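Participant: mmCIF, C-alpha atoms, file final-v4.cif:
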data_data
#
loop_
_atom_site.group_PDB
_atom_site.id
_atom_site.type_symbol
_atom_site.label_atom_id
_atom_site.label_comp_id
_atom_site.auth_asym_id
_atom_site.auth_seq_id
_atom_site.Cartn_x
_atom_site.Cartn_y
_atom_site.Cartn_z
ATOM 1 C CA MET A 211 6.123 0.662 32.733
ATOM 2 C CA ASN A 212 6.692 1.521 29.067
ATOM 3 C CA ASN A 213 4.322 3.985 27.488
ATOM 4 C CA ILE A 214 2.008 2.066 25.098
ATOM 5 C CA LEU A 215 2.759 4.679 22.406
ATOM 6 C CA ASN A 216 6.339 3.350 22.251
ATOM 7 C CA LYS A 217 4.934 0.272 20.511
ATOM 8 C CA PHE A 218 3.836 2.502 17.622
ATOM 9 C CA SER A 219 7.293 4.004 17.119
ATOM 10 C CA LEU A 220 9.144 3.231 13.886
ATOM 11 C CA GLU A 221 12.347 4.931 15.005
ATOM 12 C CA GLY A 222 15.321 3.484 13.119
ATOM 13 C CA LYS A 223 13.154 1.457 10.729
ATOM 14 C CA VAL A 224 13.484 1.500 6.932
ATOM 15 C CA ALA A 225 10.292 1.416 4.859
ATOM 16 C CA ILE A 226 9.859 0.891 1.119
ATOM 17 C CA VAL A 227 6.659 2.502 -0.194
ATOM 18 C CA THR A 228 5.624 2.005 -3.813
ATOM 19 C CA GLY A 229 3.555 4.599 -5.637
ATOM 20 C CA ALA A 230 5.011 7.221 -3.315
ATOM 21 C CA SER A 231 4.779 10.342 -5.500
ATOM 22 C CA THR A 232 1.184 11.355 -4.690
ATOM 23 C CA GLY A 233 -2.018 10.335 -2.958
ATOM 24 C CA LEU A 234 -2.097 7.409 -0.568
ATOM 25 C CA GLY A 235 1.543 6.499 -1.219
ATOM 26 C CA GLN A 236 2.715 9.957 -0.290
ATOM 27 C CA GLY A 237 0.417 10.035 2.743
ATOM 28 C CA ILE A 238 1.654 6.651 3.965
ATOM 29 C CA SER A 239 5.293 7.697 3.417
ATOM 30 C CA LEU A 240 4.751 10.796 5.549
ATOM 31 C CA GLY A 241 2.925 8.840 8.231
ATOM 32 C CA LEU A 242 5.723 6.282 8.514
ATOM 33 C CA ALA A 243 8.362 9.044 8.497
ATOM 34 C CA SER A 244 6.590 10.995 11.228
ATOM 35 C CA ALA A 245 6.619 7.785 13.314
ATOM 36 C CA GLY A 246 10.404 7.594 12.826
ATOM 37 C CA ALA A 247 11.090 5.565 9.663
ATOM 38 C CA ASN A 248 13.462 6.419 6.838
ATOM 39 C CA ILE A 249 11.687 6.078 3.498
ATOM 40 C CA VAL A 250 12.558 4.450 0.192
ATOM 41 C CA GLY A 251 9.991 5.872 -2.218
ATOM 42 C CA VAL A 252 9.326 4.070 -5.507
ATOM 43 C CA ASP A 253 7.370 5.412 -8.476
ATOM 44 C CA TYR A 254 7.547 5.635 -12.269
ATOM 45 C CA VAL A 255 8.129 9.398 -11.902
ATOM 46 C CA GLU A 256 10.457 11.339 -9.634
ATOM 47 C CA MET A 257 9.118 12.265 -6.196
ATOM 48 C CA PRO A 258 10.549 15.671 -5.234
ATOM 49 C CA GLU A 259 7.501 16.703 -3.207
ATOM 50 C CA THR A 260 7.443 13.492 -1.157
ATOM 51 C CA GLU A 261 11.206 13.738 -0.603
ATOM 52 C CA GLU A 262 10.931 17.336 0.576
ATOM 53 C CA LYS A 263 8.103 16.510 2.985
ATOM 54 C CA VAL A 264 9.857 13.431 4.410
ATOM 55 C CA LYS A 265 13.062 15.402 4.961
ATOM 56 C CA ALA A 266 11.067 18.198 6.624
ATOM 57 C CA LEU A 267 10.071 15.551 9.186
ATOM 58 C CA GLY A 268 13.775 14.944 9.857
ATOM 59 C CA LYS A 269 13.997 11.572 8.134
ATOM 60 C CA ASP A 270 16.073 10.374 5.185
ATOM 61 C CA PHE A 271 14.561 9.634 1.773
ATOM 62 C CA LEU A 272 15.808 7.538 -1.128
ATOM 63 C CA GLY A 273 13.838 7.948 -4.345
ATOM 64 C CA VAL A 274 13.914 5.075 -6.850
ATOM 65 C CA THR A 275 12.307 5.624 -10.250
ATOM 66 C CA ALA A 276 10.998 2.300 -11.584
ATOM 67 C CA ASN A 277 8.123 0.974 -13.669
ATOM 68 C CA LEU A 278 6.377 -1.734 -11.651
ATOM 69 C CA LEU A 279 4.312 -2.983 -14.608
ATOM 70 C CA SER A 280 7.173 -5.491 -14.707
ATOM 71 C CA ILE A 281 8.838 -7.309 -11.796
ATOM 72 C CA GLU A 282 12.262 -6.700 -13.333
ATOM 73 C CA PRO A 283 13.161 -3.704 -11.082
ATOM 74 C CA VAL A 284 12.080 -5.327 -7.801
ATOM 75 C CA GLN A 285 15.332 -6.899 -6.589
ATOM 76 C CA GLY A 286 17.288 -3.801 -7.583
ATOM 77 C CA ILE A 287 15.028 -1.642 -5.414
ATOM 78 C CA ILE A 288 15.663 -3.911 -2.411
ATOM 79 C CA ASP A 289 19.395 -3.813 -3.162
ATOM 80 C CA GLN A 290 19.441 0.001 -3.356
ATOM 81 C CA ALA A 291 17.569 0.276 -0.065
ATOM 82 C CA VAL A 292 20.028 -2.080 1.653
ATOM 83 C CA ALA A 293 23.020 -0.296 0.092
ATOM 84 C CA LYS A 294 21.852 3.040 1.514
ATOM 85 C CA PHE A 295 20.316 2.054 4.842
ATOM 86 C CA GLY A 296 21.831 -1.374 5.583
ATOM 87 C CA LYS A 297 18.476 -3.158 5.896
ATOM 88 C CA VAL A 298 14.749 -3.131 5.129
ATOM 89 C CA ASP A 299 12.055 -3.480 7.797
ATOM 90 C CA ILE A 300 8.769 -2.545 6.107
ATOM 91 C CA LEU A 301 7.275 -2.886 2.615
ATOM 92 C CA VAL A 302 4.100 -1.070 1.581
ATOM 93 C CA ASN A 303 2.792 -2.394 -1.747
ATOM 94 C CA ASN A 304 0.737 0.662 -2.664
ATOM 95 C CA ALA A 305 1.398 1.170 -6.395
ATOM 96 C CA GLY A 306 -1.587 0.335 -8.542
ATOM 97 C CA ILE A 307 -3.598 1.335 -11.584
ATOM 98 C CA ILE A 308 -7.215 1.124 -12.694
ATOM 99 C CA ARG A 309 -8.750 0.833 -16.170
ATOM 100 C CA ARG A 310 -12.461 1.479 -16.732
ATOM 101 C CA CYS A 311 -14.447 -0.132 -19.544
ATOM 102 C CA ASP A 312 -17.569 -2.279 -19.865
ATOM 103 C CA ALA A 313 -16.593 -5.907 -19.247
ATOM 104 C CA ILE A 314 -18.072 -6.883 -22.612
ATOM 105 C CA ASP A 315 -15.518 -4.667 -24.393
ATOM 106 C CA PHE A 316 -12.563 -5.032 -22.006
ATOM 107 C CA THR A 317 -9.205 -5.570 -23.751
ATOM 108 C CA GLU A 318 -6.433 -8.025 -22.955
ATOM 109 C CA LYS A 319 -3.978 -5.145 -22.522
ATOM 110 C CA ASP A 320 -6.192 -3.447 -19.920
ATOM 111 C CA TRP A 321 -6.496 -6.817 -18.179
ATOM 112 C CA ASP A 322 -2.772 -7.587 -18.232
ATOM 113 C CA ASP A 323 -1.504 -4.114 -17.269
ATOM 114 C CA VAL A 324 -3.713 -3.949 -14.192
ATOM 115 C CA MET A 325 -3.060 -7.534 -13.113
ATOM 116 C CA ASN A 326 0.689 -7.125 -13.602
ATOM 117 C CA ILE A 327 1.122 -4.115 -11.330
ATOM 118 C CA ASN A 328 -1.751 -4.722 -8.889
ATOM 119 C CA ILE A 329 -1.165 -8.371 -8.030
ATOM 120 C CA LYS A 330 1.838 -9.937 -9.822
ATOM 121 C CA THR A 331 4.268 -7.211 -8.733
ATOM 122 C CA VAL A 332 2.677 -7.159 -5.259
ATOM 123 C CA PHE A 333 3.439 -10.858 -4.819
ATOM 124 C CA PHE A 334 6.976 -10.760 -6.163
ATOM 125 C CA PHE A 335 7.873 -7.575 -4.255
ATOM 126 C CA ALA A 336 6.585 -9.207 -1.076
ATOM 127 C CA GLN A 337 8.647 -12.307 -1.887
ATOM 128 C CA ALA A 338 11.819 -10.237 -2.393
ATOM 129 C CA ALA A 339 11.213 -8.323 0.858
ATOM 130 C CA ALA A 340 10.573 -11.554 2.769
ATOM 131 C CA LYS A 341 13.837 -13.036 1.475
ATOM 132 C CA GLN A 342 15.619 -9.925 2.749
ATOM 133 C CA PHE A 343 13.877 -10.116 6.149
ATOM 134 C CA ILE A 344 14.838 -13.792 6.475
ATOM 135 C CA LYS A 345 18.426 -13.045 5.455
ATOM 136 C CA GLN A 346 18.550 -10.307 8.106
ATOM 137 C CA ASN A 347 16.885 -12.648 10.647
ATOM 138 C CA SER A 348 14.940 -9.548 11.669
ATOM 139 C CA GLY A 349 11.302 -10.266 10.896
ATOM 140 C CA GLY A 350 9.440 -7.562 9.035
ATOM 141 C CA LYS A 351 6.138 -6.005 8.079
ATOM 142 C CA ILE A 352 4.444 -6.174 4.687
ATOM 143 C CA ILE A 353 1.364 -4.036 4.057
ATOM 144 C CA ASN A 354 -0.569 -4.538 0.844
ATOM 145 C CA ILE A 355 -3.125 -2.023 -0.369
ATOM 146 C CA ALA A 356 -6.397 -3.756 -1.138
ATOM 147 C CA SER A 357 -9.715 -2.024 -1.963
ATOM 148 C CA MET A 358 -13.459 -2.018 -1.392
ATOM 149 C CA LEU A 359 -13.377 -4.097 -4.587
ATOM 150 C CA SER A 360 -11.592 -6.824 -2.639
ATOM 151 C CA TYR A 361 -15.084 -7.341 -1.144
ATOM 152 C CA GLN A 362 -17.399 -6.163 -3.930
ATOM 153 C CA GLY A 363 -17.698 -6.545 -7.676
ATOM 154 C CA GLY A 364 -17.742 -2.953 -8.811
ATOM 155 C CA ILE A 365 -18.832 -1.742 -12.247
ATOM 156 C CA ARG A 366 -16.682 -1.422 -15.395
ATOM 157 C CA VAL A 367 -13.438 -2.381 -13.602
ATOM 158 C CA PRO A 368 -13.135 -6.174 -14.027
ATOM 159 C CA SER A 369 -9.332 -6.387 -13.902
ATOM 160 C CA TYR A 370 -9.118 -4.020 -10.924
ATOM 161 C CA THR A 371 -11.706 -6.039 -8.983
ATOM 162 C CA SER A 372 -9.922 -9.290 -9.835
ATOM 163 C CA SER A 373 -6.533 -7.922 -8.833
ATOM 164 C CA LYS A 374 -7.737 -6.421 -5.556
ATOM 165 C CA SER A 375 -9.612 -9.601 -4.630
ATOM 166 C CA GLY A 376 -6.293 -11.324 -5.289
ATOM 167 C CA VAL A 377 -4.493 -8.912 -2.952
ATOM 168 C CA MET A 378 -6.705 -9.990 -0.070
ATOM 169 C CA GLY A 379 -6.121 -13.670 -0.894
ATOM 170 C CA VAL A 380 -2.364 -13.424 -1.316
ATOM 171 C CA THR A 381 -2.141 -11.441 1.957
ATOM 172 C CA ARG A 382 -3.674 -14.418 3.777
ATOM 173 C CA ALA A 383 -1.546 -16.956 1.907
ATOM 174 C CA LEU A 384 1.758 -15.226 2.645
ATOM 175 C CA ALA A 385 0.861 -14.658 6.302
ATOM 176 C CA ASN A 386 0.314 -18.401 6.680
ATOM 177 C CA GLU A 387 3.765 -19.235 5.340
ATOM 178 C CA TRP A 388 5.849 -16.410 6.754
ATOM 179 C CA ALA A 389 4.507 -15.903 10.285
ATOM 180 C CA LYS A 390 7.080 -18.447 11.471
ATOM 181 C CA HIS A 391 9.774 -16.013 10.289
ATOM 182 C CA ASN A 392 8.273 -13.190 12.391
ATOM 183 C CA ILE A 393 6.960 -11.553 9.215
ATOM 184 C CA ASN A 394 3.517 -9.970 9.388
ATOM 185 C CA VAL A 395 1.587 -9.636 6.134
ATOM 186 C CA ASN A 396 -1.574 -7.545 6.324
ATOM 187 C CA ALA A 397 -3.548 -5.288 4.027
ATOM 188 C CA ILE A 398 -5.475 -2.036 4.138
ATOM 189 C CA ALA A 399 -8.618 -1.700 2.027
ATOM 190 C CA PRO A 400 -9.218 2.017 1.515
ATOM 191 C CA GLY A 401 -12.758 3.103 0.795
ATOM 192 C CA TYR A 402 -13.519 5.887 -1.627
ATOM 193 C CA MET A 403 -10.486 8.153 -1.390
ATOM 194 C CA ALA A 404 -9.885 11.606 -2.856
ATOM 195 C CA THR A 405 -6.880 10.542 -4.985
ATOM 196 C CA ASN A 406 -5.866 10.421 -8.663
ATOM 197 C CA ASN A 407 -7.606 7.051 -9.152
ATOM 198 C CA THR A 408 -11.026 8.519 -8.294
ATOM 199 C CA THR A 409 -10.833 11.837 -10.150
ATOM 200 C CA ALA A 410 -13.294 10.601 -12.801
ATOM 201 C CA LEU A 411 -15.784 9.500 -10.138
ATOM 202 C CA ARG A 412 -15.536 12.735 -8.168
ATOM 203 C CA ASP A 413 -15.953 14.780 -11.357
ATOM 204 C CA ASP A 414 -19.201 12.932 -12.151
ATOM 205 C CA ALA A 415 -21.742 14.799 -9.997
ATOM 206 C CA ASP A 416 -24.312 11.987 -10.010
ATOM 207 C CA ARG A 417 -21.820 9.201 -9.218
ATOM 208 C CA SER A 418 -20.125 11.304 -6.540
ATOM 209 C CA ALA A 419 -23.452 12.076 -4.858
ATOM 210 C CA SER A 420 -24.532 8.413 -4.884
ATOM 211 C CA ILE A 421 -21.197 7.348 -3.385
ATOM 212 C CA LEU A 422 -21.277 9.984 -0.630
ATOM 213 C CA GLU A 423 -24.867 9.051 0.175
ATOM 214 C CA ARG A 424 -23.738 5.531 1.023
ATOM 215 C CA ILE A 425 -20.710 6.482 3.177
ATOM 216 C CA PRO A 426 -21.880 6.852 6.790
ATOM 217 C CA ALA A 427 -19.017 9.294 7.457
ATOM 218 C CA GLY A 428 -20.446 11.505 4.700
ATOM 219 C CA ARG A 429 -17.127 12.351 3.051
ATOM 220 C CA TRP A 430 -14.424 10.974 0.782
ATOM 221 C CA GLY A 431 -11.397 9.571 2.577
ATOM 222 C CA THR A 432 -7.985 11.250 2.549
ATOM 223 C CA PRO A 433 -4.388 9.978 2.595
ATOM 224 C CA ASP A 434 -4.243 10.960 6.285
ATOM 225 C CA ASP A 435 -7.054 8.509 7.027
ATOM 226 C CA VAL A 436 -4.879 5.661 5.721
ATOM 227 C CA SER A 437 -1.474 6.745 7.050
ATOM 228 C CA ALA A 438 -2.231 6.096 10.736
ATOM 229 C CA PRO A 439 -3.516 2.522 10.178
ATOM 230 C CA ALA A 440 -0.373 1.962 8.073
ATOM 231 C CA VAL A 441 1.812 3.088 10.991
ATOM 232 C CA PHE A 442 -0.069 0.662 13.260
ATOM 233 C CA LEU A 443 0.409 -2.282 10.871
ATOM 234 C CA ALA A 444 4.092 -1.370 10.360
ATOM 235 C CA SER A 445 4.767 -1.198 14.090
ATOM 236 C CA GLU A 446 5.295 -3.566 17.006
ATOM 237 C CA ALA A 447 1.741 -2.710 18.121
ATOM 238 C CA SER A 448 0.390 -5.100 15.450
ATOM 239 C CA ASP A 449 2.754 -8.038 16.067
ATOM 240 C CA TYR A 450 -0.123 -10.502 16.613
ATOM 241 C CA ILE A 451 -2.152 -9.377 13.592
ATOM 242 C CA ASN A 452 -1.437 -11.436 10.500
ATOM 243 C CA GLY A 453 -3.237 -12.126 7.229
ATOM 244 C CA TYR A 454 -5.957 -9.562 7.862
ATOM 245 C CA THR A 455 -7.354 -6.823 5.647
ATOM 246 C CA VAL A 456 -8.415 -3.674 7.521
ATOM 247 C CA ALA A 457 -11.126 -1.615 5.819
ATOM 248 C CA VAL A 458 -10.619 2.137 6.116
ATOM 249 C CA ASP A 459 -13.850 3.169 4.462
ATOM 250 C CA GLY A 460 -15.881 5.598 6.572
ATOM 251 C CA GLY A 461 -18.370 2.765 7.217
ATOM 252 C CA TRP A 462 -19.055 1.900 3.528
ATOM 253 C CA LEU A 463 -18.988 -1.881 4.091
ATOM 254 C CA ALA A 464 -21.248 -1.600 7.125
ATOM 255 C CA ARG A 465 -24.101 -0.296 4.976
#
Go ahead and express the file in the form of structure tokens.

Facilitator:
Amino acid sequence: MNNILNKFSLEGKVAIVTGASTGLGQGISLGLASAGANIVGVDYVEMPETEEKVKALGKDFLGVTANLLSIEPVQGIIDQAVAKFGKVDILVNNAGIIRRCDAIDFTEKDWDDVMNINIKTVFFFAQAAAKQFIKQNSGGKIINIASMLSYQGGIRVPSYTSSKSGVMGVTRALANEWAKHNINVNAIAPGYMATNNTTALRDDADRSASILERIPAGRWGTPDDVSAPAVFLASEASDYINGYTVAVDGGWLAR
């Protein structure tokens, strides 16, 4: 009988991870690499640290510098991945931004920038990956990064909340259409994570204390907390999970 852990192996797989230079993107890249995948990292800056850490795990790394505020680079990233590795098996749509301002004063630019990268690029990158999976006749795994604000309204982040609510919706919509192609589309909704996006919150002693008070686990999450669920959703172990958003939140939503 095969060991159940074999179903979690990503040996020989090729994964594209956006926003791979730091934080959750770097953590997910390292998780997928440690499970056996070669990594195509995408970010608007170079990713020497992520590359070094992936290679230390014995896997190959292709870094692609691209600004995902526009969908223009998307097909080229797929093409570069295929040129180097011959195929793509996994896409993690992790890149995202947040802009904080009272809704009454929120600007069109802060609306458009966040919506462009957090939901428009997510959809069109997923579409490009799905076309590649179908062309390969291989199936594939798409993992979108949602948020607690896919479930809740938040404060002073109207475009972020709208975009992340959209991520949960588009994850369901794409799963419905692409399951017949053996493509799984799921999402992870991280809770409050110790990453660049939450520096302002963690630096505000009162806000940080009120957040921690509500997390049953009593701590901020880390990239490691998200990387293992990402490996699961990228692997054969999750073949019958489709269109679902998994909260990785230390119990926040249970409160």

Participant: Go through A:Val436, A:Ile451, A:Leu411, A:Val302 one by one, measure the shortest atom-to-atom distance of each to Asn394 in chain A using only C-alpha atoms, and give the residue with the smallest value.

Facilitator: A:Ile451

Participant: Suppose you want the space between CA of Ala389 in chain A and CA of Leu301 in chain A; what is it in Å?

Facilitator: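 Calculated distance between CA of Ala389 in chain A and CA of Leu301 in chain A is 15.4 Å.
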
Participant: Under the PyMOL selection byres ((chain A and resi 247) around 10), which residues of this model are included? Write them out as a VMD selection string.

Facilitator: chain A and resid 219 to 226 239 to 246 248 to 250 264 268 to 271 299 to 300 441 444

Participant: May I ask for the distance between CA of Gln290 in chain A and CA of Gly273 in chain A, given in Å to one decimal place?

Facilitator: 9.8 Å

Participant: Which residues, named as in the file, does the PyMOL selection byres ((chain A and resi 284) around 12) pick out? Answer as a count of residues only.

Facilitator: 34

Participant: Out of A:Gly251, A:Ala230, A:Arg310, A:Leu272, which residue has the shortest atom-to-atom distance to Ala410 in chain A when counting only C-alpha atoms?

Facilitator: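 Between A:Gly251, A:Ala230, A:Arg310, A:Leu272, the residue approaching Ala410 in chain A most closely is A:Arg310.
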
Participant: Return the single residue from A:Glu318, A:Glu446, A:Asp459, A:Asp416 that is closest to Pro433 in chain A, with distances computed using only C-alpha atoms.

Facilitator: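 Closest residue, counting only C-alpha atoms: A:Asp459.
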
Participant: Using Å and a single decimal, report how far CA of Ala419 in chain A sits from CA of Cys311 in chain A.

Facilitator: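 Going from CA of Cys311 in chain A over to CA of Ala419 in chain A, I get 21.1 Å.
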
Participant: Can you tell me, as a compact mmCIF listing (two decimals) with C-alpha atoms, keeping the file's coordinate frame, what residues are no more than 7 Å from Lys374 in chain A when counting all atoms listed in the file, ignoring any on the same chain fewer than 4 positions away?

Facilitator:
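Result saved to around.txt:
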# COMPACT_ATOMS: atom_id res chain seq x y z
CA ALA A 356 -6.40 -3.76 -1.14
CA SER A 357 -9.72 -2.02 -1.96
CA LEU A 359 -13.38 -4.10 -4.59
CA SER A 360 -11.59 -6.82 -2.64
CA TYR A 370 -9.12 -4.02 -10.92
CA MET A 378 -6.70 -9.99 -0.07

Participant: Considering all atoms listed in the file, return as a PyMOL selection string whatever protein or nucleic-acid residues lie within 6 Å of Met358 in chain A, sequence-local ones (same chain, fewer than 3 positions apart) excluded.

Facilitator: chain A and resi 361+399+401

Participant: Go through A:Leu443, A:Ser373, A:Trp462, A:Asn452 and flag the residue nearest Ile421 in chain A, using all atoms listed in the file for the distances.

Facilitator: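 Going through A:Leu443, A:Ser373, A:Trp462, A:Asn452 one by one, the smallest distance to Ile421 in chain A is for A:Trp462.
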
Participant: Which one of A:Pro439, A:Arg465, A:Glu261, A:Asn396 sits closest to Glu423 in chain A if you count all atoms listed in the file?

Facilitator: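 Of all the options, A:Arg465 lies closest to Glu423 in chain A.
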
Participant: Taking only N, CA and C atoms, show range 300-313 of chain A of the given structure as a PDB file, in the first residue's frame.

Facilitator:
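Done, and the output landed in part_1.pdb:
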ATOM      1  N   ILE A 300       1.207  24.344 -11.210  1.00  0.00           N
ATOM      2  CA  ILE A 300       0.608  25.001 -10.041  1.00  0.00           C
ATOM      3  C   ILE A 300       0.753  26.510 -10.211  1.00  0.00           C
ATOM      4  N   LEU A 301      -0.310  27.257  -9.900  1.00  0.00           N
ATOM      5  CA  LEU A 301      -0.227  28.715  -9.819  1.00  0.00           C
ATOM      6  C   LEU A 301      -0.706  29.147  -8.447  1.00  0.00           C
ATOM      7  N   VAL A 302       0.100  29.961  -7.772  1.00  0.00           N
ATOM      8  CA  VAL A 302      -0.318  30.580  -6.507  1.00  0.00           C
ATOM      9  C   VAL A 302      -0.415  32.089  -6.740  1.00  0.00           C
ATOM     10  N   ASN A 303      -1.643  32.597  -6.742  1.00  0.00           N
ATOM     11  CA  ASN A 303      -1.894  34.026  -6.923  1.00  0.00           C
ATOM     12  C   ASN A 303      -1.801  34.711  -5.557  1.00  0.00           C
ATOM     13  N   ASN A 304      -0.579  35.032  -5.160  1.00  0.00           N
ATOM     14  CA  ASN A 304      -0.349  35.597  -3.833  1.00  0.00           C
ATOM     15  C   ASN A 304      -0.138  37.106  -3.841  1.00  0.00           C
ATOM     16  N   ALA A 305       0.370  37.662  -4.934  1.00  0.00           N
ATOM     17  CA  ALA A 305       0.697  39.095  -4.964  1.00  0.00           C
ATOM     18  C   ALA A 305      -0.532  39.934  -4.647  1.00  0.00           C
ATOM     19  N   GLY A 306      -0.332  40.943  -3.816  1.00  0.00           N
ATOM     20  CA  GLY A 306      -1.447  41.821  -3.482  1.00  0.00           C
ATOM     21  C   GLY A 306      -0.955  43.050  -2.747  1.00  0.00           C
ATOM     22  N   ILE A 307      -1.788  44.082  -2.740  1.00  0.00           N
ATOM     23  CA  ILE A 307      -1.459  45.308  -2.019  1.00  0.00           C
ATOM     24  C   ILE A 307      -2.664  45.758  -1.208  1.00  0.00           C
ATOM     25  N   ILE A 308      -2.418  46.661  -0.285  1.00  0.00           N
ATOM     26  CA  ILE A 308      -3.489  47.216   0.551  1.00  0.00           C
ATOM     27  C   ILE A 308      -3.277  48.721   0.645  1.00  0.00           C
ATOM     28  N   ARG A 309      -4.363  49.472   0.637  1.00  0.00           N
ATOM     29  CA  ARG A 309      -4.306  50.927   0.837  1.00  0.00           C
ATOM     30  C   ARG A 309      -5.311  51.273   1.926  1.00  0.00           C
ATOM     31  N   ARG A 310      -4.860  52.051   2.918  1.00  0.00           N
ATOM     32  CA  ARG A 310      -5.701  52.382   4.068  1.00  0.00           C
ATOM     33  C   ARG A 310      -6.100  53.856   4.034  1.00  0.00           C
ATOM     34  N   CYS A 311      -7.407  54.093   4.095  1.00  0.00           N
ATOM     35  CA  CYS A 311      -7.918  55.467   4.169  1.00  0.00           C
ATOM     36  C   CYS A 311      -9.410  55.364   4.506  1.00  0.00           C
ATOM     37  N   ASP A 312      -9.932  56.350   5.227  1.00  0.00           N
ATOM     38  CA  ASP A 312     -11.371  56.367   5.485  1.00  0.00           C
ATOM     39  C   ASP A 312     -12.127  56.278   4.162  1.00  0.00           C
ATOM     40  N   ALA A 313     -13.180  55.484   4.129  1.00  0.00           N
ATOM     41  CA  ALA A 313     -13.951  55.300   2.896  1.00  0.00           C
ATOM     42  C   ALA A 313     -14.455  56.641   2.350  1.00  0.00           C
TER      43      ALA A 313
END
